[in-house]
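**Q** Right, I'll just put the structure down here and ask away after.
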Amino acid sequence: MIGRSLSNSVINLGIQDQYAEALNQLGFEFEVLAEQEGDASLGNGGLARFSACQMDSLATLDYPAWGYGLRYEYGLFRQIIVDGFQHEQPDYWLNFGNPWEIERIHVTYEVKFNGTVEEVDMNGEKVKVWIPGETVEAVAYDNPIPGYGTKNTINLRLWAAKPSNQFDLEAYNTGDYINSIVNRQNTEAISNVLYPDDRSHQGKEMRLKQQYFFVSASLQDIIRRFKEAHNNFDELPEQVALHLNDTHPSLSIAEIMRILVDEEHLGWSKAWNIVNKIFSFTTHTVVAEGLEKIPVDLLGSLLPRHLQILYEINSNFMEELKKKIGLDYNRLSRMSIIEEGAVKSIRMANLSIVCSHTVNGVSKVHSNTLKTKTFKDFYELWPEKFQYTTNGVTQRRWIVVSNPSLCALLSKWLGTEAWIRNADLLTGLRDHVDNTSFRHEWKMVKRLNKMRLAEYIETMSGVKVSLDAMFDVQVKRIHEYKRQLLNIFGIIHRYDCLKNMDKNDRRKVVPRVCIIGGKAAPGYEIAKKIIKLCHAVAEKVNNDADIGDLLKLVFIPDYNVSVAELVIPGADLSQHISTAGHEASGTGSMKFLMNGCLLLATADGSTVEIIEELGSDNLFLFGAKVEEVAELREKGGALKVPLQFARVLRMVRDGYFGDKDYFQSLCDTVEVGNDFYLLGSDFGSYLEAQAAADKAFVEPDKWIKMSILSAAASGRFSSDRTIREYAERTWKIDPCQCPF
Ligand SMILES: *Cc1c(COP(=O)(O)O)cnc(C)c1O
């Protein structure tokens with residue numbers, strides 16, 4: 001999820017002023033031109049944006065790294081809202097060409113699918129030979145990622161599918177000319193479209209094809225490069241580290257075994273020893289249901305040889321495990337790479353753990369959940385494999401590109417631009433919080449960004465908002481666990497209170513502009529209903545003359561990187577309110593923190609570490625803790641839910657915001673006894689945290705101090721720190737300065 005590249009590139013190359021000047025001479029204005037660029041949205045949400053931040057940090061810190069992925073022709077769908085409902089439109093982002101990519105027509109590999117496996121005798125030894133049924137060509141498209149303050153530029157190599165020359169010769173010869181051309185187009189479809197499901201997996205054939213296509217081309221590329229300088233594989237583990245960013249590329253384990261055993265004839269145990277030393281793995285998932293599984297039947301027909309290899313890896317693992325833990329069949333079956341059951345499947349996370357030297361979580365709490373719940377059995381077997389590296393975001397994009405006025409202010413008061421490469425220096429802001437002119441300038445920067453955002457809101461939705469109101473933002477993928485519904489219920493409660501106040505009391509209320517944005521997966525009905533409810537509430541509240549500027553609700557459509565760059569700097573408050581234990585890390589909060597936006601949050605994911613850095617007095621914390629959640633769920637129906645919650649629920653059920661029937665099933669999900677994400681039991685403390693935010697906002701000096709301290713605490717959440725930790729602890733690589 002790179003977003004736009006123009007501003008980021010000229011900034012990282014250090015040619016921003018010259019470039020703007022040159023454009024000027026051609027009669028263009030830089031800012032206007034930059035707005036013309038479309039977003040590259042080749043991923044779903046946090047995980048994909050994290051990858052983009054990691055690439056920026058890898059380049060900036062001079063690490064010799066490559067990123068690999070798919071060159072989807074259609075990125076994440078565009079969200080449009082019609083009558084309050086989400087509709088999905090294809091994102092044909094290559095319509096006007098993509099000036100950032102370089103097509104490498106000579107870097108192509110054949111990727112094979114289907115067919116059969118035969119055993120042949122080769123010099124007295126039995127070897128397996130895969131006779132594939134279909135061949136597709138992978139063509140490399142290179143996307144240079146320049147580092148900041150260095151000449152180092154790294155490469156993001158994305159693969160596009162093209163029909164292979166060898167394709168279907170047979171069909172041509174038998175005269176079925178038209179059909180064979182049509183079939184060629186089916187093969188090109190592999191890299192056509194990104195699956196828009198965030199944090200869920202459907203075991204679809206095309207998705208599996210995409211994964212193998214991406215993995216096979218990337219490994220051929222990596223091995224080809226290695227072989228250029230080596231004539232055996234002994235040094236592969238010292239020269240190559242492969243990182244599995246979640247399980248999506250985990251087929252590369254079976255693929256590299258296949259290459260080493262079947263093609264390079266290394267022998268199983270030699271190959272296995274190498275493979276064990278090159279893979280590391282980061283999981284971004286919390287709950288077992290979110291883990292990726294591939295039906296054995298599907299895998300066996302698409303990749304018959306790989307299925308054999310996976311069975312062999314598993315049977316070796318099971319034998320080894322029995323020696324260690326004995327015949328504890330329950331535990332053996334839990335840890336098996338193969339899941340028996342109605343649909344026999346491959347557990348991609350188990351595969352990744354078994355074959356990697358390191359298993360990473362993405363925050364402290366996430367890591368504890370992995371060790372004590374999700375992968376408890378594996379942790380007890382291999383405690384030394386488990387680590388965590390808290391995610392981060394790059395300050396180059398999230399401050400320098402997206403908030404130029406804050407950038408200038410930071411450099412002025414820190415007396416240096418060095419924080420752009422060393423975010424730890426942001427702690428220096430603490431020295432100035434008592435300086436009134438600093439605070440005044442800080443406030444002016446926030447006001448400017450709120451102005452930009454207000455203009456955008458007016459253009460998008462026609463709603464005029466007051467700059468004196470608190471801009472309260474929740475932007476992220478729509479998920480039940482992220483609890484946008486809790487936010488909306490809070491807004492309904494606020495509206496209800498305002499309606500029941502007399503005019504004098506209303507005057508004391510802090511005006512709010514509530515901003516919500518995010519995409520729902522196209523098949524995720526409940527998430528789509530949340531979007532509709534948001535619009536229904538907005539319609540009522542925004543048109544209520546009693547309420548005026550005291551409360552506005554706007555839904556910002558098509559949340560993507562560029563929208564985030566505009567919204568985040570303009571936020572006063574941002575919400576990260578997932579049910580504790582459900583957000584693996586969360587990176588949105590880090591972007592807001594950097595931009596001096598106060599957080600209203602649960603103690604989940606990286607927020608726990610943000611509290612360590614910032615102190616709990618400088619954010620608005622609420623809700624059940626991770627340890628309390630299980631117990632609350634057990635109590636289930638016996639929980640006492642605040643009256644205000646029941647009242648809000650009733651208003652929605654009774655059709656106060658229209659579409660009565662449509663919202664019933666949404667309301668069911670939070671009814672007592674059914675409220676898995678604990679909206680009811682957290683509602684009371686949520687309202688208290690909101691009241692505390694209101695109270696702080698009417699003391700501008702206090703608020704600005706908290707805002708400054710937020711940005712000052714954000715250094716630890718730079719992806720530079722994340723990448724340095726991975727490089728030193730997991731990959732064991734050193735920076736490699738560009739020699740020119
Ligand atoms: C940062 C980011 C996310 C992740 O946000 P969370 O609050 O961590 O869920 C998702 N989408 C976009 C476009 C982002 O920039």
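Naming scheme: A, B, ... for chains in displayed order of the structure tokens; residues 1 onward per chain; ligands 1 onward as shown.
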Could you give me, as JSON lines, every chain A residue with an atom at most 9 Å from ligand 1, plus its closest atom pair and distance in Å to one decimal, counting only C-alpha atoms and all ligand atoms, rows ordered by chain then number?
**A**
```
{"residue": "A:Met1", "atom": "CA", "partner": "ligand 1", "partner_atom_place_in_ligand_line": "13 (C)", "distance": 7.3}
{"residue": "A:Gly3", "atom": "CA", "partner": "ligand 1", "partner_atom_place_in_ligand_line": "13 (C)", "distance": 8.1}
{"residue": "A:Ser41", "atom": "CA", "partner": "ligand 1", "partner_atom_place_in_ligand_line": "13 (C)", "distance": 8.3}
{"residue": "A:Asn44", "atom": "CA", "partner": "ligand 1", "partner_atom_place_in_ligand_line": "11 (N)", "distance": 7.1}
{"residue": "A:Gly45", "atom": "CA", "partner": "ligand 1", "partner_atom_place_in_ligand_line": "10 (C)", "distance": 3.8}
{"residue": "A:Gly46", "atom": "CA", "partner": "ligand 1", "partner_atom_place_in_ligand_line": "4 (C)", "distance": 3.5}
{"residue": "A:Leu47", "atom": "CA", "partner": "ligand 1", "partner_atom_place_in_ligand_line": "4 (C)", "distance": 7.2}
{"residue": "A:Ala48", "atom": "CA", "partner": "ligand 1", "partner_atom_place_in_ligand_line": "10 (C)", "distance": 8.0}
{"residue": "A:Arg49", "atom": "CA", "partner": "ligand 1", "partner_atom_place_in_ligand_line": "14 (C)", "distance": 5.8}
{"residue": "A:Phe50", "atom": "CA", "partner": "ligand 1", "partner_atom_place_in_ligand_line": "1 (C)", "distance": 7.3}
{"residue": "A:Val393", "atom": "CA", "partner": "ligand 1", "partner_atom_place_in_ligand_line": "1 (C)", "distance": 8.0}
{"residue": "A:Gln474", "atom": "CA", "partner": "ligand 1", "partner_atom_place_in_ligand_line": "7 (O)", "distance": 7.9}
{"residue": "A:Val475", "atom": "CA", "partner": "ligand 1", "partner_atom_place_in_ligand_line": "7 (O)", "distance": 6.5}
{"residue": "A:Lys476", "atom": "CA", "partner": "ligand 1", "partner_atom_place_in_ligand_line": "9 (O)", "distance": 4.6}
{"residue": "A:Arg477", "atom": "CA", "partner": "ligand 1", "partner_atom_place_in_ligand_line": "9 (O)", "distance": 6.0}
{"residue": "A:Ile478", "atom": "CA", "partner": "ligand 1", "partner_atom_place_in_ligand_line": "9 (O)", "distance": 8.7}
{"residue": "A:Lys482", "atom": "CA", "partner": "ligand 1", "partner_atom_place_in_ligand_line": "9 (O)", "distance": 7.9}
{"residue": "A:Gly518", "atom": "CA", "partner": "ligand 1", "partner_atom_place_in_ligand_line": "11 (N)", "distance": 7.7}
{"residue": "A:Lys519", "atom": "CA", "partner": "ligand 1", "partner_atom_place_in_ligand_line": "11 (N)", "distance": 8.8}
{"residue": "A:Tyr559", "atom": "CA", "partner": "ligand 1", "partner_atom_place_in_ligand_line": "13 (C)", "distance": 6.0}
{"residue": "A:Asn560", "atom": "CA", "partner": "ligand 1", "partner_atom_place_in_ligand_line": "13 (C)", "distance": 3.8}
{"residue": "A:Val561", "atom": "CA", "partner": "ligand 1", "partner_atom_place_in_ligand_line": "13 (C)", "distance": 4.1}
{"residue": "A:Ser562", "atom": "CA", "partner": "ligand 1", "partner_atom_place_in_ligand_line": "13 (C)", "distance": 7.5}
{"residue": "A:Val563", "atom": "CA", "partner": "ligand 1", "partner_atom_place_in_ligand_line": "13 (C)", "distance": 7.5}
{"residue": "A:Ala564", "atom": "CA", "partner": "ligand 1", "partner_atom_place_in_ligand_line": "15 (O)", "distance": 5.6}
{"residue": "A:Glu565", "atom": "CA", "partner": "ligand 1", "partner_atom_place_in_ligand_line": "15 (O)", "distance": 7.8}
{"residue": "A:Gln575", "atom": "CA", "partner": "ligand 1", "partner_atom_place_in_ligand_line": "7 (O)", "distance": 8.5}
{"residue": "A:His576", "atom": "CA", "partner": "ligand 1", "partner_atom_place_in_ligand_line": "7 (O)", "distance": 6.6}
{"residue": "A:Glu583", "atom": "CA", "partner": "ligand 1", "partner_atom_place_in_ligand_line": "9 (O)", "distance": 8.1}
{"residue": "A:Ser585", "atom": "CA", "partner": "ligand 1", "partner_atom_place_in_ligand_line": "8 (O)", "distance": 7.0}
{"residue": "A:Gly586", "atom": "CA", "partner": "ligand 1", "partner_atom_place_in_ligand_line": "8 (O)", "distance": 3.4}
{"residue": "A:Thr587", "atom": "CA", "partner": "ligand 1", "partner_atom_place_in_ligand_line": "8 (O)", "distance": 3.8}
{"residue": "A:Gly588", "atom": "CA", "partner": "ligand 1", "partner_atom_place_in_ligand_line": "7 (O)", "distance": 3.5}
{"residue": "A:Ser589", "atom": "CA", "partner": "ligand 1", "partner_atom_place_in_ligand_line": "7 (O)", "distance": 5.8}
{"residue": "A:Met590", "atom": "CA", "partner": "ligand 1", "partner_atom_place_in_ligand_line": "8 (O)", "distance": 8.1}
{"residue": "A:Lys591", "atom": "CA", "partner": "ligand 1", "partner_atom_place_in_ligand_line": "1 (C)", "distance": 7.1}
```
**Q** Excluding Gly523 of chain A and any residue of its chain fewer than 4 positions from it, enumerate the residues within 9 Å of it, using only C-alpha atoms, and give them as a ChimeraX atom specification.
**A** /A:197,527-528
**Q** Show me, as a PyMOL selection string, the residues that have an atom within 7 Å of Tyr388 of chain A when counting only C-alpha atoms, minus same-chain residues fewer than 4 positions from it.
**A** chain A and resi 360-364+367
**Q** Which residues are close to segment 715-732 of chain A, i.e. within 7 Å by only C-alpha atoms, leaving aside same-chain residues fewer than 6 positions away? Reply as a list in words.
**A**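 Using only C-alpha atoms, the neighbours found are Cys53, Gln54, Ser57, Leu58, Ala241, Thr358, Thr389, Thr390, Asn391, Gly392, Val393, Thr394, Gln395, Ala423, Asp424, Leu426 and Met590 of chain A.
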**Q** Limited to all heavy atoms, could you put the picked residues into a file as a compact mmCIF listing (two decimals), in the first residue's frame?
**A**
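Output (part23.txt):
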```txt
# COMPACT_ATOMS: atom_id res chain seq x y z
N CYS A 53 5.96 0.97 4.70
CA CYS A 53 6.79 1.69 5.66
C CYS A 53 8.12 0.96 5.86
O CYS A 53 9.19 1.59 5.94
CB CYS A 53 6.07 1.85 7.00
SG CYS A 53 4.74 3.09 6.98
N GLN A 54 8.08 -0.37 5.90
CA GLN A 54 9.31 -1.15 6.07
C GLN A 54 10.26 -0.93 4.89
O GLN A 54 11.47 -0.81 5.08
CB GLN A 54 8.98 -2.64 6.18
CG GLN A 54 8.38 -3.04 7.51
CD GLN A 54 8.15 -4.55 7.58
OE1 GLN A 54 7.41 -5.11 6.80
NE2 GLN A 54 8.79 -5.21 8.53
N SER A 57 12.05 2.31 5.29
CA SER A 57 13.09 2.24 6.33
C SER A 57 14.28 1.41 5.87
O SER A 57 15.43 1.76 6.15
CB SER A 57 12.50 1.67 7.62
OG SER A 57 11.61 2.60 8.19
N LEU A 58 14.02 0.30 5.19
CA LEU A 58 15.12 -0.54 4.69
C LEU A 58 16.03 0.28 3.78
O LEU A 58 17.26 0.20 3.88
CB LEU A 58 14.56 -1.75 3.92
CG LEU A 58 13.99 -2.89 4.77
CD1 LEU A 58 13.11 -3.80 3.92
CD2 LEU A 58 15.12 -3.70 5.42
N ALA A 241 18.44 -14.24 3.56
CA ALA A 241 17.43 -14.37 4.61
C ALA A 241 16.08 -14.10 3.97
O ALA A 241 15.91 -13.09 3.27
CB ALA A 241 17.70 -13.36 5.73
N THR A 358 12.77 -18.12 13.42
CA THR A 358 12.23 -17.11 14.32
C THR A 358 10.76 -16.88 14.02
O THR A 358 10.38 -16.78 12.86
CB THR A 358 12.98 -15.78 14.13
OG1 THR A 358 14.38 -16.01 14.26
CG2 THR A 358 12.56 -14.74 15.15
N THR A 389 8.66 -7.96 17.63
CA THR A 389 9.21 -6.71 17.13
C THR A 389 8.01 -5.82 16.87
O THR A 389 7.21 -6.12 15.99
CB THR A 389 9.98 -6.96 15.82
OG1 THR A 389 10.92 -8.00 16.04
CG2 THR A 389 10.72 -5.72 15.38
N THR A 390 7.88 -4.80 17.67
CA THR A 390 6.70 -3.95 17.53
C THR A 390 6.74 -3.21 16.19
O THR A 390 7.78 -2.70 15.78
CB THR A 390 6.65 -2.97 18.72
OG1 THR A 390 6.64 -3.74 19.92
CG2 THR A 390 5.39 -2.11 18.67
N ASN A 391 5.62 -3.18 15.53
CA ASN A 391 5.50 -2.49 14.24
C ASN A 391 5.84 -1.01 14.37
O ASN A 391 5.92 -0.48 15.48
CB ASN A 391 4.07 -2.61 13.71
CG ASN A 391 3.77 -3.99 13.12
OD1 ASN A 391 2.63 -4.31 12.80
ND2 ASN A 391 4.78 -4.81 12.97
N GLY A 392 6.00 -0.36 13.24
CA GLY A 392 6.26 1.07 13.25
C GLY A 392 5.78 1.68 11.94
O GLY A 392 5.30 0.96 11.05
N VAL A 393 5.88 3.00 11.85
CA VAL A 393 5.51 3.69 10.61
C VAL A 393 6.63 4.68 10.27
O VAL A 393 7.37 5.10 11.15
CB VAL A 393 4.16 4.45 10.77
CG1 VAL A 393 3.03 3.47 11.07
CG2 VAL A 393 4.23 5.52 11.85
N THR A 394 6.75 5.01 9.00
CA THR A 394 7.86 5.90 8.64
C THR A 394 7.48 7.37 8.80
O THR A 394 6.48 7.83 8.24
CB THR A 394 8.39 5.63 7.21
OG1 THR A 394 9.28 6.70 6.85
CG2 THR A 394 7.28 5.55 6.18
N GLN A 395 8.33 8.08 9.52
CA GLN A 395 8.08 9.52 9.71
C GLN A 395 8.29 10.30 8.42
O GLN A 395 7.83 11.43 8.31
CB GLN A 395 8.95 10.09 10.85
CG GLN A 395 10.45 10.14 10.59
CD GLN A 395 11.17 8.87 11.04
OE1 GLN A 395 10.62 7.78 11.02
NE2 GLN A 395 12.44 9.01 11.44
N ALA A 423 14.22 9.24 14.61
CA ALA A 423 13.00 9.73 15.25
C ALA A 423 13.11 9.81 16.76
O ALA A 423 12.31 10.48 17.42
CB ALA A 423 11.81 8.85 14.85
N ASP A 424 14.13 9.15 17.35
CA ASP A 424 14.31 9.26 18.80
C ASP A 424 14.52 10.71 19.23
O ASP A 424 14.23 11.08 20.37
CB ASP A 424 15.51 8.41 19.25
CG ASP A 424 15.22 6.92 19.11
OD1 ASP A 424 14.02 6.55 19.12
OD2 ASP A 424 16.18 6.14 18.99
N LEU A 426 12.88 13.14 18.56
CA LEU A 426 11.62 13.84 18.84
C LEU A 426 11.39 14.03 20.34
O LEU A 426 10.64 14.93 20.75
CB LEU A 426 10.43 13.07 18.22
CG LEU A 426 10.38 13.07 16.67
CD1 LEU A 426 9.30 12.13 16.17
CD2 LEU A 426 10.16 14.48 16.13
N MET A 590 -0.03 5.04 15.60
CA MET A 590 1.33 5.60 15.57
C MET A 590 1.41 6.84 14.67
O MET A 590 2.09 7.81 14.97
CB MET A 590 2.32 4.55 15.07
CG MET A 590 2.32 3.28 15.92
SD MET A 590 3.24 1.96 15.10
CE MET A 590 3.07 0.65 16.31
```
**Q** Need the shell around segment 643-647 of chain A: protein/DNA/RNA residues with any atom at most 9 Å away, counting only C-alpha atoms. Skip same-chain ones fewer than 6 positions apart. Format as number ranges by chain?
**A** A: 489-490, 493, 671, 679-680, 683-684
**Q** Take the residues that were just selected and, keeping all heavy atoms, output them as a short mmCIF file (atom, residue, chain, number, x, y, z; two decimals), in the first residue's frame.
**A**
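Just written: out06.cif:
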```cif
data_model
loop_
_atom_site.label_atom_id
_atom_site.label_comp_id
_atom_site.auth_asym_id
_atom_site.auth_seq_id
_atom_site.Cartn_x
_atom_site.Cartn_y
_atom_site.Cartn_z
N PHE A 489 -22.41 4.29 18.55
CA PHE A 489 -23.32 4.28 19.71
C PHE A 489 -22.98 5.45 20.66
O PHE A 489 -23.86 6.07 21.23
CB PHE A 489 -23.24 2.94 20.46
CG PHE A 489 -24.16 1.88 19.89
CD1 PHE A 489 -24.61 1.95 18.57
CD2 PHE A 489 -24.58 0.81 20.67
CE1 PHE A 489 -25.46 0.98 18.05
CE2 PHE A 489 -25.43 -0.17 20.15
CZ PHE A 489 -25.87 -0.09 18.85
N GLY A 490 -21.70 5.74 20.81
CA GLY A 490 -21.29 6.88 21.62
C GLY A 490 -21.83 8.18 21.04
O GLY A 490 -22.26 9.09 21.78
N HIS A 493 -25.48 8.44 21.68
CA HIS A 493 -25.68 8.83 23.08
C HIS A 493 -25.46 10.33 23.26
O HIS A 493 -26.24 11.03 23.91
CB HIS A 493 -24.73 8.05 23.98
CG HIS A 493 -24.74 8.51 25.40
ND1 HIS A 493 -25.79 8.28 26.26
CD2 HIS A 493 -23.84 9.24 26.11
CE1 HIS A 493 -25.53 8.82 27.43
NE2 HIS A 493 -24.35 9.43 27.37
N GLU A 671 -26.37 -7.59 21.50
CA GLU A 671 -27.37 -7.86 22.53
C GLU A 671 -26.73 -8.65 23.68
O GLU A 671 -25.81 -9.44 23.44
CB GLU A 671 -28.52 -8.66 21.88
CG GLU A 671 -29.86 -8.54 22.56
CD GLU A 671 -30.39 -7.11 22.62
OE1 GLU A 671 -30.84 -6.58 21.58
OE2 GLU A 671 -30.37 -6.55 23.73
N LEU A 679 -19.14 -4.61 23.58
CA LEU A 679 -19.48 -3.19 23.46
C LEU A 679 -20.24 -2.73 24.69
O LEU A 679 -19.96 -1.67 25.25
CB LEU A 679 -20.32 -2.93 22.19
CG LEU A 679 -19.53 -2.75 20.90
CD1 LEU A 679 -18.94 -4.07 20.43
CD2 LEU A 679 -20.39 -2.15 19.80
N GLY A 680 -21.18 -3.57 25.11
CA GLY A 680 -22.01 -3.21 26.27
C GLY A 680 -21.17 -3.05 27.52
O GLY A 680 -21.29 -2.04 28.22
N PHE A 683 -19.01 0.10 27.42
CA PHE A 683 -19.65 1.37 27.05
C PHE A 683 -19.51 2.43 28.14
O PHE A 683 -19.22 3.59 27.86
CB PHE A 683 -21.13 1.14 26.72
CG PHE A 683 -21.76 2.28 25.96
CD1 PHE A 683 -21.29 2.65 24.71
CD2 PHE A 683 -22.85 2.98 26.50
CE1 PHE A 683 -21.88 3.70 24.00
CE2 PHE A 683 -23.44 4.02 25.78
CZ PHE A 683 -22.96 4.38 24.54
N GLY A 684 -19.70 2.01 29.40
CA GLY A 684 -19.61 2.96 30.51
C GLY A 684 -18.25 3.64 30.56
O GLY A 684 -18.16 4.88 30.61
#
```
**Q** Go through A:Glu101, A:Glu340, A:Glu539, A:Glu255 and flag the residue nearest Gln308 of chain A, using only C-alpha atoms for the distances.
**A** A:Glu255
**Q** One decimal, Å: what's the distance from atom CA of Asn330 of chain A over to atom CA of Thr247 of chain A, could you say?
**A**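 Taking atom CA of Asn330 of chain A and atom CA of Thr247 of chain A, their separation equals 24.0 Å.
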**Q** Looking at A:Glu137, A:Glu103, A:Glu609, A:Asp377, which one is nearest to Lys162 of chain A, with distances taken over only C-alpha atoms?
**A**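 Smallest distance to Lys162 of chain A is found for A:Glu137.
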**Q** Have a look at atom CA of Arg184 of chain A and atom CA of Phe213 of chain A and let me know their distance in Å, one decimal.
**A**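 It comes out at 15.6 Å.
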**Q** Could you check the closest approach to Pro146 of chain A for each of A:Arg396, A:Lys323, A:His432, A:Arg483 and tell me which residue wins, using only C-alpha atoms?
**A**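 Selected residue with least distance to Pro146 of chain A: A:Arg396.
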**Q** As an MDAnalysis selection string, please: the residues near Gly570 of chain A (cut-off 8 Å, only C-alpha atoms, same-chain neighbours under 3 positions excluded).
**A** chainID A and resid 446:453 471 566:567
**Q** Only C-alpha atoms, please: the residues just picked out, written as a PDB file, in the first residue's frame.
**A**
```
ATOM      1  CA  LYS A 446      -2.934  22.079  13.937  1.00  0.00           C
ATOM      2  CA  ARG A 447      -5.390  24.779  12.907  1.00  0.00           C
ATOM      3  CA  LEU A 448      -3.977  24.906   9.387  1.00  0.00           C
ATOM      4  CA  ASN A 449      -4.329  21.144   9.040  1.00  0.00           C
ATOM      5  CA  LYS A 450      -7.861  21.255  10.405  1.00  0.00           C
ATOM      6  CA  MET A 451      -8.641  23.872   7.775  1.00  0.00           C
ATOM      7  CA  ARG A 452      -7.384  21.603   4.987  1.00  0.00           C
ATOM      8  CA  LEU A 453      -9.462  18.745   6.369  1.00  0.00           C
ATOM      9  CA  PHE A 471     -12.051  16.772  15.304  1.00  0.00           C
ATOM     10  CA  LEU A 566      -4.940  14.466   4.730  1.00  0.00           C
ATOM     11  CA  VAL A 567      -7.080  13.312   7.653  1.00  0.00           C
TER      12      VAL A 567
END
```
**Q** Can you list, as a PyMOL selection string, all residues belonging to segment 350-532 of chain A that DSSP tags as helix (DSSP H, G or I)?
**A** chain A and resi 350-355+364-374+376-381+383-385+395-401+404-414+418-420+423-432+436-461+484-499+503-506+525-532
**Q** Pick out the closest residue to Thr283 of chain A from this set: A:Lys112, A:Lys344, A:Arg199, A:His306. Count only C-alpha atoms.
**A**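 Checking each candidate against Thr283 of chain A, we get A:Arg199 as the closest.
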**Q** If you count only C-alpha atoms, which residues fall within 9 Å of Ala189 of chain A, apart from same-chain ones fewer than 3 positions away, as a short mmCIF file (atom, residue, chain, number, x, y, z; two decimals) with all heavy atoms, in the first residue's frame?
**A**
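Writing the result to selection_37.cif gives the following:
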```
data_model
loop_
_atom_site.label_atom_id
_atom_site.label_comp_id
_atom_site.auth_asym_id
_atom_site.auth_seq_id
_atom_site.Cartn_x
_atom_site.Cartn_y
_atom_site.Cartn_z
N ALA A 161 1.47 -11.66 -14.56
CA ALA A 161 1.33 -12.92 -15.30
C ALA A 161 1.11 -12.64 -16.78
O ALA A 161 0.33 -11.77 -17.16
CB ALA A 161 0.17 -13.72 -14.74
N LYS A 162 1.86 -13.38 -17.61
CA LYS A 162 1.66 -13.31 -19.06
C LYS A 162 1.54 -14.75 -19.56
O LYS A 162 2.13 -15.65 -18.97
CB LYS A 162 2.88 -12.66 -19.74
CG LYS A 162 3.12 -11.22 -19.36
CD LYS A 162 2.36 -10.25 -20.25
CE LYS A 162 2.11 -8.93 -19.57
NZ LYS A 162 3.27 -8.04 -19.54
N ARG A 184 -5.57 -18.58 -22.89
CA ARG A 184 -4.39 -17.76 -22.58
C ARG A 184 -4.80 -16.59 -21.69
O ARG A 184 -4.09 -16.22 -20.77
CB ARG A 184 -3.78 -17.19 -23.86
CG ARG A 184 -2.95 -18.18 -24.65
CD ARG A 184 -2.63 -17.58 -26.00
NE ARG A 184 -1.66 -16.50 -25.89
CZ ARG A 184 -0.39 -16.61 -26.26
NH1 ARG A 184 0.05 -17.75 -26.74
NH2 ARG A 184 0.43 -15.61 -26.14
N GLN A 185 -5.96 -16.02 -21.98
CA GLN A 185 -6.38 -14.88 -21.17
C GLN A 185 -6.67 -15.30 -19.75
O GLN A 185 -6.48 -14.53 -18.82
CB GLN A 185 -7.59 -14.20 -21.82
CG GLN A 185 -7.13 -13.39 -23.01
CD GLN A 185 -8.27 -12.89 -23.85
OE1 GLN A 185 -9.42 -13.27 -23.64
NE2 GLN A 185 -7.96 -12.04 -24.79
N ASN A 186 -7.13 -16.54 -19.56
CA ASN A 186 -7.35 -17.01 -18.19
C ASN A 186 -6.05 -17.05 -17.40
O ASN A 186 -6.04 -16.78 -16.21
CB ASN A 186 -7.97 -18.41 -18.20
CG ASN A 186 -9.40 -18.36 -18.66
OD1 ASN A 186 -10.02 -17.29 -18.62
ND2 ASN A 186 -9.92 -19.48 -19.11
N ASN A 192 -4.54 -10.40 -11.91
CA ASN A 192 -5.54 -9.37 -12.18
C ASN A 192 -5.99 -8.57 -10.97
O ASN A 192 -5.98 -7.36 -10.99
CB ASN A 192 -6.79 -10.00 -12.80
CG ASN A 192 -6.89 -9.68 -14.26
OD1 ASN A 192 -5.99 -9.05 -14.81
ND2 ASN A 192 -7.97 -10.10 -14.89
N VAL A 193 -6.41 -9.28 -9.95
CA VAL A 193 -7.15 -8.55 -8.92
C VAL A 193 -6.78 -8.98 -7.50
O VAL A 193 -6.58 -10.16 -7.22
CB VAL A 193 -8.68 -8.64 -9.18
CG1 VAL A 193 -9.18 -10.07 -9.26
CG2 VAL A 193 -9.48 -7.87 -8.12
N MET A 206 -8.17 -19.21 -7.11
CA MET A 206 -7.37 -18.15 -7.72
C MET A 206 -6.40 -17.52 -6.74
O MET A 206 -5.28 -17.16 -7.09
CB MET A 206 -8.30 -17.08 -8.34
CG MET A 206 -7.58 -15.99 -9.09
SD MET A 206 -6.42 -16.60 -10.37
CE MET A 206 -7.52 -16.76 -11.75
#
```
**Q** Of the candidates A:Asp262, A:Glu380, A:Asp661, A:Glu292, which shows the shortest atom-to-atom distance to Val129 of chain A, using only C-alpha atoms?
**A**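 Among the listed residues, A:Asp262 lies closest to Val129 of chain A.
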